[in-house]
$ cat start-v5.tsv   # TSV, C-alpha atoms
chain	number	residue	atom	x	y	z
A	14	MET	CA	0.00	0.00	0.00
A	15	GLU	CA	1.27	3.46	-0.94
A	16	GLU	CA	1.71	6.19	1.66
A	17	GLY	CA	-1.54	8.09	2.10
A	18	GLU	CA	-3.58	5.37	0.38
A	19	ILE	CA	-6.73	4.43	2.25
A	20	PRO	CA	-7.16	0.67	2.63
A	21	LEU	CA	-10.36	-0.84	1.28
A	22	PRO	CA	-12.52	-2.45	3.93
A	23	GLU	CA	-12.60	-6.25	3.90
A	24	LEU	CA	-15.77	-7.03	2.01
A	25	PRO	CA	-17.80	-10.16	2.70
A	26	VAL	CA	-18.16	-12.83	0.02
A	27	VAL	CA	-21.81	-12.64	-1.12
A	28	ALA	CA	-21.64	-15.16	-4.00
A	29	GLU	CA	-19.21	-17.61	-5.55
A	30	GLY	CA	-19.02	-19.97	-8.47
A	31	GLU	CA	-16.85	-22.00	-10.80
A	32	THR	CA	-16.47	-21.97	-14.57
A	33	THR	CA	-16.23	-25.01	-16.82
A	34	ARG	CA	-12.56	-24.02	-17.37
A	35	GLY	CA	-11.77	-24.52	-13.67
A	36	GLU	CA	-11.68	-20.89	-12.54
A	37	ARG	CA	-13.33	-20.08	-9.21
A	38	TRP	CA	-14.80	-16.67	-8.61
A	39	TYR	CA	-15.78	-14.83	-5.44
A	40	LEU	CA	-18.04	-11.77	-5.44
A	41	ARG	CA	-17.36	-9.45	-2.51
A	42	ALA	CA	-19.70	-6.53	-1.89
A	43	GLY	CA	-20.83	-4.05	0.73
A	44	GLY	CA	-21.20	-0.47	1.78
A	45	SER	CA	-23.86	2.20	1.82
A	46	PRO	CA	-26.13	3.50	-0.97
A	47	LYS	CA	-23.68	6.39	-1.51
A	48	THR	CA	-20.41	4.43	-1.22
A	49	TYR	CA	-20.68	0.82	-2.33
A	50	ASP	CA	-17.90	-1.56	-3.37
A	51	SER	CA	-18.20	-4.74	-5.42
A	52	MET	CA	-15.17	-6.81	-6.43
A	53	LEU	CA	-14.91	-10.06	-8.37
A	54	GLU	CA	-11.87	-12.14	-7.43
A	55	THR	CA	-10.73	-14.90	-9.79
A	56	VAL	CA	-8.68	-17.91	-8.75
A	57	HIS	CA	-7.37	-19.52	-11.93
A	58	ALA	CA	-6.83	-23.28	-12.32
A	59	ASP	CA	-3.05	-22.72	-12.03
A	60	GLY	CA	-3.47	-20.83	-8.71
A	61	ARG	CA	-3.02	-17.29	-10.06
A	62	ARG	CA	-5.36	-14.69	-8.57
A	63	ASP	CA	-6.65	-11.39	-9.86
A	64	GLN	CA	-9.59	-9.15	-9.17
A	65	GLY	CA	-11.51	-6.18	-10.47
A	66	GLY	CA	-14.63	-4.26	-9.65
A	67	MET	CA	-16.16	-0.89	-8.91
A	68	SER	CA	-16.75	1.64	-6.16
A	69	GLY	CA	-19.22	4.49	-6.02
A	70	PRO	CA	-22.95	4.84	-5.53
A	71	ALA	CA	-24.76	1.50	-5.36
A	72	LEU	CA	-26.87	2.88	-8.23
A	73	TYR	CA	-26.62	6.25	-9.93
A	74	PRO	CA	-29.79	8.37	-9.72
A	75	GLY	CA	-32.34	7.35	-12.34
A	76	GLU	CA	-30.36	4.24	-13.39
A	77	LEU	CA	-31.43	0.62	-13.01
A	78	LEU	CA	-27.96	-0.85	-13.66
A	79	ASN	CA	-24.40	-0.10	-12.57
A	80	VAL	CA	-21.99	-2.14	-14.73
A	81	TYR	CA	-18.33	-3.18	-14.51
A	82	LEU	CA	-16.59	-5.16	-17.27
A	83	GLY	CA	-12.91	-5.97	-16.98
A	84	ARG	CA	-10.25	-8.56	-17.60
A	85	ALA	CA	-6.74	-9.39	-16.50
A	86	ASP	CA	-4.08	-10.22	-19.09
A	87	GLN	CA	-5.38	-13.10	-21.21
A	88	GLY	CA	-8.05	-13.78	-18.60
A	89	PRO	CA	-11.79	-14.21	-18.87
A	90	LEU	CA	-14.16	-11.25	-19.04
A	91	ARG	CA	-15.22	-10.23	-15.52
A	92	VAL	CA	-18.83	-9.07	-15.28
A	93	VAL	CA	-20.25	-7.36	-12.20
A	94	VAL	CA	-23.66	-5.68	-12.34
A	95	ARG	CA	-25.50	-3.97	-9.51
A	96	SER	CA	-29.19	-3.48	-10.23
A	97	ASP	CA	-32.40	-2.10	-8.89
A	98	PRO	CA	-34.38	-4.97	-7.26
A	99	GLN	CA	-36.97	-4.91	-10.06
A	100	VAL	CA	-34.21	-6.17	-12.40
A	101	GLN	CA	-34.31	-9.94	-11.91
A	102	ARG	CA	-32.64	-11.08	-15.14
A	103	LEU	CA	-29.85	-9.91	-17.43
A	104	ARG	CA	-28.94	-10.62	-21.03
A	105	LEU	CA	-25.49	-9.76	-22.40
A	106	GLN	CA	-24.84	-9.75	-26.14
A	107	SER	CA	-21.37	-9.82	-27.72
A	108	GLU	CA	-20.36	-8.18	-30.97
A	109	LYS	CA	-20.06	-11.65	-32.54
A	110	GLY	CA	-23.58	-12.67	-31.51
A	111	ALA	CA	-22.76	-14.69	-28.39
A	112	ARG	CA	-25.32	-14.31	-25.64
A	113	CYS	CA	-25.21	-14.86	-21.89
A	114	ASP	CA	-28.44	-14.97	-19.89
A	115	PHE	CA	-28.67	-14.59	-16.12
A	116	PHE	CA	-32.00	-15.95	-14.94
A	117	ALA	CA	-31.51	-14.80	-11.35
A	118	PRO	CA	-29.19	-12.49	-9.40
A	119	SER	CA	-26.04	-13.97	-7.87
A	120	ALA	CA	-26.87	-12.17	-4.60
A	121	HIS	CA	-29.11	-9.50	-3.08
A	122	ASP	CA	-28.06	-6.87	-0.54
A	123	PRO	CA	-31.21	-5.98	1.42
A	124	ALA	CA	-29.43	-3.30	3.48
A	125	VAL	CA	-28.75	-1.25	0.34
A	126	GLY	CA	-31.53	-2.61	-1.87
A	127	VAL	CA	-29.52	-3.89	-4.85
A	128	ASN	CA	-29.29	-7.14	-6.73
A	129	LEU	CA	-25.82	-8.31	-7.72
A	130	PHE	CA	-24.95	-10.30	-10.83
A	131	ALA	CA	-21.48	-11.75	-11.47
A	132	ALA	CA	-19.80	-14.03	-14.00
A	133	LEU	CA	-16.55	-14.90	-15.74
A	134	LEU	CA	-17.07	-15.24	-19.49
A	135	PRO	CA	-14.61	-16.68	-22.03
A	136	TRP	CA	-15.45	-13.88	-24.48
A	137	THR	CA	-12.59	-12.05	-26.21
A	138	THR	CA	-15.01	-9.73	-28.03
A	139	ASP	CA	-16.80	-6.65	-26.72
A	140	VAL	CA	-20.19	-6.67	-25.03
A	141	THR	CA	-22.51	-4.64	-27.26
A	142	SER	CA	-25.56	-4.54	-24.99
A	143	ILE	CA	-26.84	-5.45	-21.57
A	144	GLN	CA	-30.57	-5.81	-21.06
A	145	GLY	CA	-32.07	-5.63	-17.58
A	146	MET	CA	-35.37	-7.51	-17.34
A	147	ASP	CA	-38.03	-8.16	-14.75
A	148	ALA	CA	-38.90	-11.67	-13.52
A	149	ASP	CA	-41.21	-12.22	-16.54
A	150	GLY	CA	-38.54	-11.25	-19.08
A	151	LEU	CA	-39.90	-7.77	-19.86
A	152	VAL	CA	-36.98	-5.51	-20.82
A	153	LEU	CA	-36.77	-2.59	-18.36
A	154	THR	CA	-33.49	-1.05	-19.54
A	155	VAL	CA	-30.80	-1.50	-22.18
A	156	ARG	CA	-27.21	-0.35	-21.72
A	157	THR	CA	-24.27	-0.12	-24.09
A	158	PRO	CA	-21.40	-0.76	-21.69
A	159	ARG	CA	-17.86	0.56	-21.76
A	160	ASN	CA	-15.65	-2.42	-22.59
A	161	PRO	CA	-12.21	-3.21	-21.19
A	162	ARG	CA	-9.09	-3.16	-23.30
A	163	ARG	CA	-8.81	-6.34	-25.35
A	164	PRO	CA	-5.94	-8.75	-24.71
A	165	THR	CA	-3.02	-8.35	-27.09

$ encode --input "start-v5.tsv" --output "structure tokens"
Amino acid sequence: MEEGEIPLPELPVVAEGETTRGERWYLRAGGSPKTYDSMLETVHADGRRDQGGMSGPALYPGELLNVYLGRADQGPLRVVVRSDPQVQRLRLQSEKGARCDFFAPSAHDPAVGVNLFAALLPWTTDVTSIQGMDADGLVLTVRTPRNPRRPT
């Protein structure tokens, strides 16, 4: 830690999973509506670890989704989405037509009132849209996310 740098609080693990490629992921999240942190840690099959995520308001005023996309060198695409509770499903679309559907949130934080979605995707292409849907599949919002730098 650099001099003057404020340490991040230890965040609780709110969801975890494993990919078919053997990577384990841990979603850590917590905070207040004004200052909320969510981080996705990846443990690769060879033991390497990396993480990425976002800090800031749990949701920006008037928005239903707060999105983070990132990747480590040659790693999978990290996806972390915080949503308004009415968003119960997500659909991500890649520029090459691949699609990833989330049929339920990975976690819910009742203290702050947000749903959390997380995944590691093998995509090397950009995400062109993210749809937030209600429990019946009705599209409530569509976002064009800012994509991370592509691996070289």

$ residues_around --input "start-v5.tsv" --residues "A:Glu29" --least-positions-apart "3" --cutoff "12 Å" --atoms "all atoms listed in the file" --output "list in words"
Pro25, Val26, Thr32, Glu36, Arg37, Trp38, Tyr39, Leu40, Arg41, Ala42, Met52, Leu53, Glu54, Thr55, Val56, Pro118, Ser119, Ala120, Leu129, Phe130, Ala131, Ala132 and Leu133 of chain A

$ residues_around --input "start-v5.tsv" --residues "A:Pro74" --least-positions-apart "3" --cutoff "12 Å" --atoms "all atoms listed in the file" --output "PDB file with C-alpha atoms, in the frame of the given file"
ATOM      1  CA  PRO A  46     -26.130   3.500  -0.970  1.00  0.00           C
ATOM      2  CA  LYS A  47     -23.680   6.390  -1.510  1.00  0.00           C
ATOM      3  CA  GLY A  69     -19.220   4.490  -6.020  1.00  0.00           C
ATOM      4  CA  PRO A  70     -22.950   4.840  -5.530  1.00  0.00           C
ATOM      5  CA  ALA A  71     -24.760   1.500  -5.360  1.00  0.00           C
ATOM      6  CA  LEU A  77     -31.430   0.620 -13.010  1.00  0.00           C
ATOM      7  CA  LEU A  78     -27.960  -0.850 -13.660  1.00  0.00           C
ATOM      8  CA  ASN A  79     -24.400  -0.100 -12.570  1.00  0.00           C
ATOM      9  CA  SER A  96     -29.190  -3.480 -10.230  1.00  0.00           C
ATOM     10  CA  ASP A  97     -32.400  -2.100  -8.890  1.00  0.00           C
TER      11      ASP A  97
END

$ closest_residue --input "start-v5.tsv" --among "A:Pro158, A:Ala111, A:Gly150, A:Gly60" --to "A:Val94" --atoms "all atoms listed in the file"
A:Pro158

$ closest_residue --input "start-v5.tsv" --among "A:Val27, A:Leu105, A:Val92, A:Val80" --to "A:Pro123" --atoms "all atoms listed in the file"
A:Val27

$ axis_aligned_box --input "start-v5.tsv" --around "stretch 138-152 of chain A" --padding-each-side "3 Å" --output "JSON"
{"center_x": -28.1, "center_y": -8.4, "center_z": -20.8, "size_x": 32.2, "size_y": 13.7, "size_z": 20.5}

$ atom_distance --input "start-v5.tsv" --atom1 "atom CA of A:Ala28" --atom2 "atom CA of A:Gly66"
14.1 Å

$ residues_around --input "start-v5.tsv" --residues "A:Gly44" --least-positions-apart "4" --cutoff "10 Å" --atoms "only C-alpha atoms" --output "VMD selection string"
chain A and resid 22 24 48 to 51 68 to 71 122 124 to 125

$ decode --input "start-v5.tsv" --residues "stretch 108-154 of chain A" --atoms "N, CA and C atoms" --output "compact mmCIF listing (two decimals), in the first residue's frame"
# COMPACT_ATOMS: atom_id res chain seq x y z
N GLU A 108 -20.37 -8.69 -29.60
CA GLU A 108 -20.36 -8.18 -30.97
C GLU A 108 -20.36 -9.29 -32.01
N LYS A 109 -20.03 -10.52 -31.61
CA LYS A 109 -20.06 -11.65 -32.54
C LYS A 109 -21.33 -12.49 -32.39
N GLY A 110 -22.30 -11.99 -31.63
CA GLY A 110 -23.58 -12.67 -31.51
C GLY A 110 -23.71 -13.64 -30.35
N ALA A 111 -22.65 -13.83 -29.57
CA ALA A 111 -22.76 -14.69 -28.39
C ALA A 111 -23.69 -14.02 -27.39
N ARG A 112 -24.38 -14.84 -26.61
CA ARG A 112 -25.32 -14.31 -25.64
C ARG A 112 -25.12 -15.03 -24.31
N CYS A 113 -25.26 -14.29 -23.23
CA CYS A 113 -25.21 -14.86 -21.89
C CYS A 113 -26.44 -14.38 -21.14
N ASP A 114 -27.24 -15.31 -20.64
CA ASP A 114 -28.44 -14.97 -19.89
C ASP A 114 -28.25 -15.31 -18.43
N PHE A 115 -28.62 -14.37 -17.56
CA PHE A 115 -28.67 -14.59 -16.12
C PHE A 115 -30.15 -14.66 -15.78
N PHE A 116 -30.58 -15.79 -15.25
CA PHE A 116 -32.00 -15.95 -14.94
C PHE A 116 -32.34 -15.60 -13.50
N ALA A 117 -31.31 -15.24 -12.73
CA ALA A 117 -31.51 -14.80 -11.35
C ALA A 117 -30.25 -14.07 -10.89
N PRO A 118 -30.39 -13.15 -9.94
CA PRO A 118 -29.19 -12.49 -9.40
C PRO A 118 -28.29 -13.49 -8.68
N SER A 119 -27.01 -13.17 -8.64
CA SER A 119 -26.04 -13.97 -7.87
C SER A 119 -26.22 -13.74 -6.38
N ALA A 120 -26.67 -12.53 -6.01
CA ALA A 120 -26.87 -12.17 -4.60
C ALA A 120 -27.81 -10.96 -4.54
N HIS A 121 -28.28 -10.68 -3.34
CA HIS A 121 -29.11 -9.50 -3.08
C HIS A 121 -28.61 -8.88 -1.78
N ASP A 122 -28.46 -7.57 -1.76
CA ASP A 122 -28.06 -6.87 -0.54
C ASP A 122 -29.27 -6.09 -0.04
N PRO A 123 -30.00 -6.64 0.94
CA PRO A 123 -31.21 -5.98 1.42
C PRO A 123 -30.93 -4.67 2.15
N ALA A 124 -29.75 -4.53 2.75
CA ALA A 124 -29.43 -3.30 3.48
C ALA A 124 -29.34 -2.10 2.54
N VAL A 125 -28.91 -2.34 1.31
CA VAL A 125 -28.75 -1.25 0.34
C VAL A 125 -29.83 -1.32 -0.74
N GLY A 126 -30.45 -2.47 -0.89
CA GLY A 126 -31.53 -2.61 -1.87
C GLY A 126 -31.04 -2.79 -3.30
N VAL A 127 -29.98 -3.61 -3.49
CA VAL A 127 -29.52 -3.89 -4.85
C VAL A 127 -29.39 -5.39 -5.07
N ASN A 128 -29.62 -5.79 -6.29
CA ASN A 128 -29.29 -7.14 -6.73
C ASN A 128 -27.89 -7.11 -7.31
N LEU A 129 -27.18 -8.21 -7.20
CA LEU A 129 -25.82 -8.31 -7.72
C LEU A 129 -25.75 -9.51 -8.67
N PHE A 130 -25.17 -9.26 -9.84
CA PHE A 130 -24.95 -10.30 -10.83
C PHE A 130 -23.45 -10.38 -11.07
N ALA A 131 -22.91 -11.60 -11.22
CA ALA A 131 -21.48 -11.75 -11.47
C ALA A 131 -21.23 -12.98 -12.33
N ALA A 132 -20.19 -12.89 -13.17
CA ALA A 132 -19.80 -14.03 -14.00
C ALA A 132 -18.41 -13.81 -14.56
N LEU A 133 -17.79 -14.91 -14.94
CA LEU A 133 -16.55 -14.90 -15.74
C LEU A 133 -16.93 -15.51 -17.07
N LEU A 134 -16.71 -14.76 -18.16
CA LEU A 134 -17.07 -15.24 -19.49
C LEU A 134 -15.81 -15.43 -20.33
N PRO A 135 -15.78 -16.44 -21.20
CA PRO A 135 -14.61 -16.68 -22.03
C PRO A 135 -14.52 -15.74 -23.24
N TRP A 136 -15.38 -14.76 -23.32
CA TRP A 136 -15.45 -13.88 -24.48
C TRP A 136 -14.17 -13.05 -24.65
N THR A 137 -13.70 -12.95 -25.88
CA THR A 137 -12.59 -12.05 -26.21
C THR A 137 -13.10 -10.84 -26.98
N THR A 138 -14.40 -10.84 -27.30
CA THR A 138 -15.01 -9.73 -28.03
C THR A 138 -15.71 -8.79 -27.05
N ASP A 139 -16.12 -7.64 -27.55
CA ASP A 139 -16.80 -6.65 -26.72
C ASP A 139 -18.26 -7.04 -26.46
N VAL A 140 -18.77 -6.56 -25.34
CA VAL A 140 -20.19 -6.67 -25.03
C VAL A 140 -20.86 -5.47 -25.69
N THR A 141 -21.85 -5.73 -26.54
CA THR A 141 -22.51 -4.64 -27.26
C THR A 141 -23.76 -4.14 -26.55
N SER A 142 -24.39 -5.01 -25.74
CA SER A 142 -25.56 -4.54 -24.99
C SER A 142 -25.79 -5.40 -23.76
N ILE A 143 -26.39 -4.76 -22.77
CA ILE A 143 -26.84 -5.45 -21.57
C ILE A 143 -28.29 -5.05 -21.36
N GLN A 144 -29.16 -6.05 -21.32
CA GLN A 144 -30.57 -5.81 -21.06
C GLN A 144 -30.88 -6.21 -19.63
N GLY A 145 -31.56 -5.33 -18.91
CA GLY A 145 -32.07 -5.63 -17.58
C GLY A 145 -33.55 -5.92 -17.69
N MET A 146 -33.98 -7.08 -17.18
CA MET A 146 -35.37 -7.51 -17.34
C MET A 146 -36.01 -7.81 -15.99
N ASP A 147 -37.32 -7.76 -15.97
CA ASP A 147 -38.03 -8.16 -14.75
C ASP A 147 -38.14 -9.68 -14.72
N ALA A 148 -38.81 -10.21 -13.71
CA ALA A 148 -38.90 -11.67 -13.52
C ALA A 148 -39.61 -12.36 -14.68
N ASP A 149 -40.48 -11.64 -15.41
CA ASP A 149 -41.21 -12.22 -16.54
C ASP A 149 -40.47 -12.08 -17.87
N GLY A 150 -39.30 -11.43 -17.85
CA GLY A 150 -38.54 -11.25 -19.08
C GLY A 150 -38.82 -9.96 -19.82
N LEU A 151 -39.63 -9.06 -19.24
CA LEU A 151 -39.90 -7.77 -19.86
C LEU A 151 -38.66 -6.89 -19.72
N VAL A 152 -38.18 -6.34 -20.83
CA VAL A 152 -36.98 -5.51 -20.82
C VAL A 152 -37.30 -4.16 -20.17
N LEU A 153 -36.58 -3.85 -19.10
CA LEU A 153 -36.77 -2.59 -18.36
C LEU A 153 -35.75 -1.54 -18.77
N THR A 154 -34.56 -1.98 -19.17
CA THR A 154 -33.49 -1.05 -19.54
C THR A 154 -32.50 -1.76 -20.45
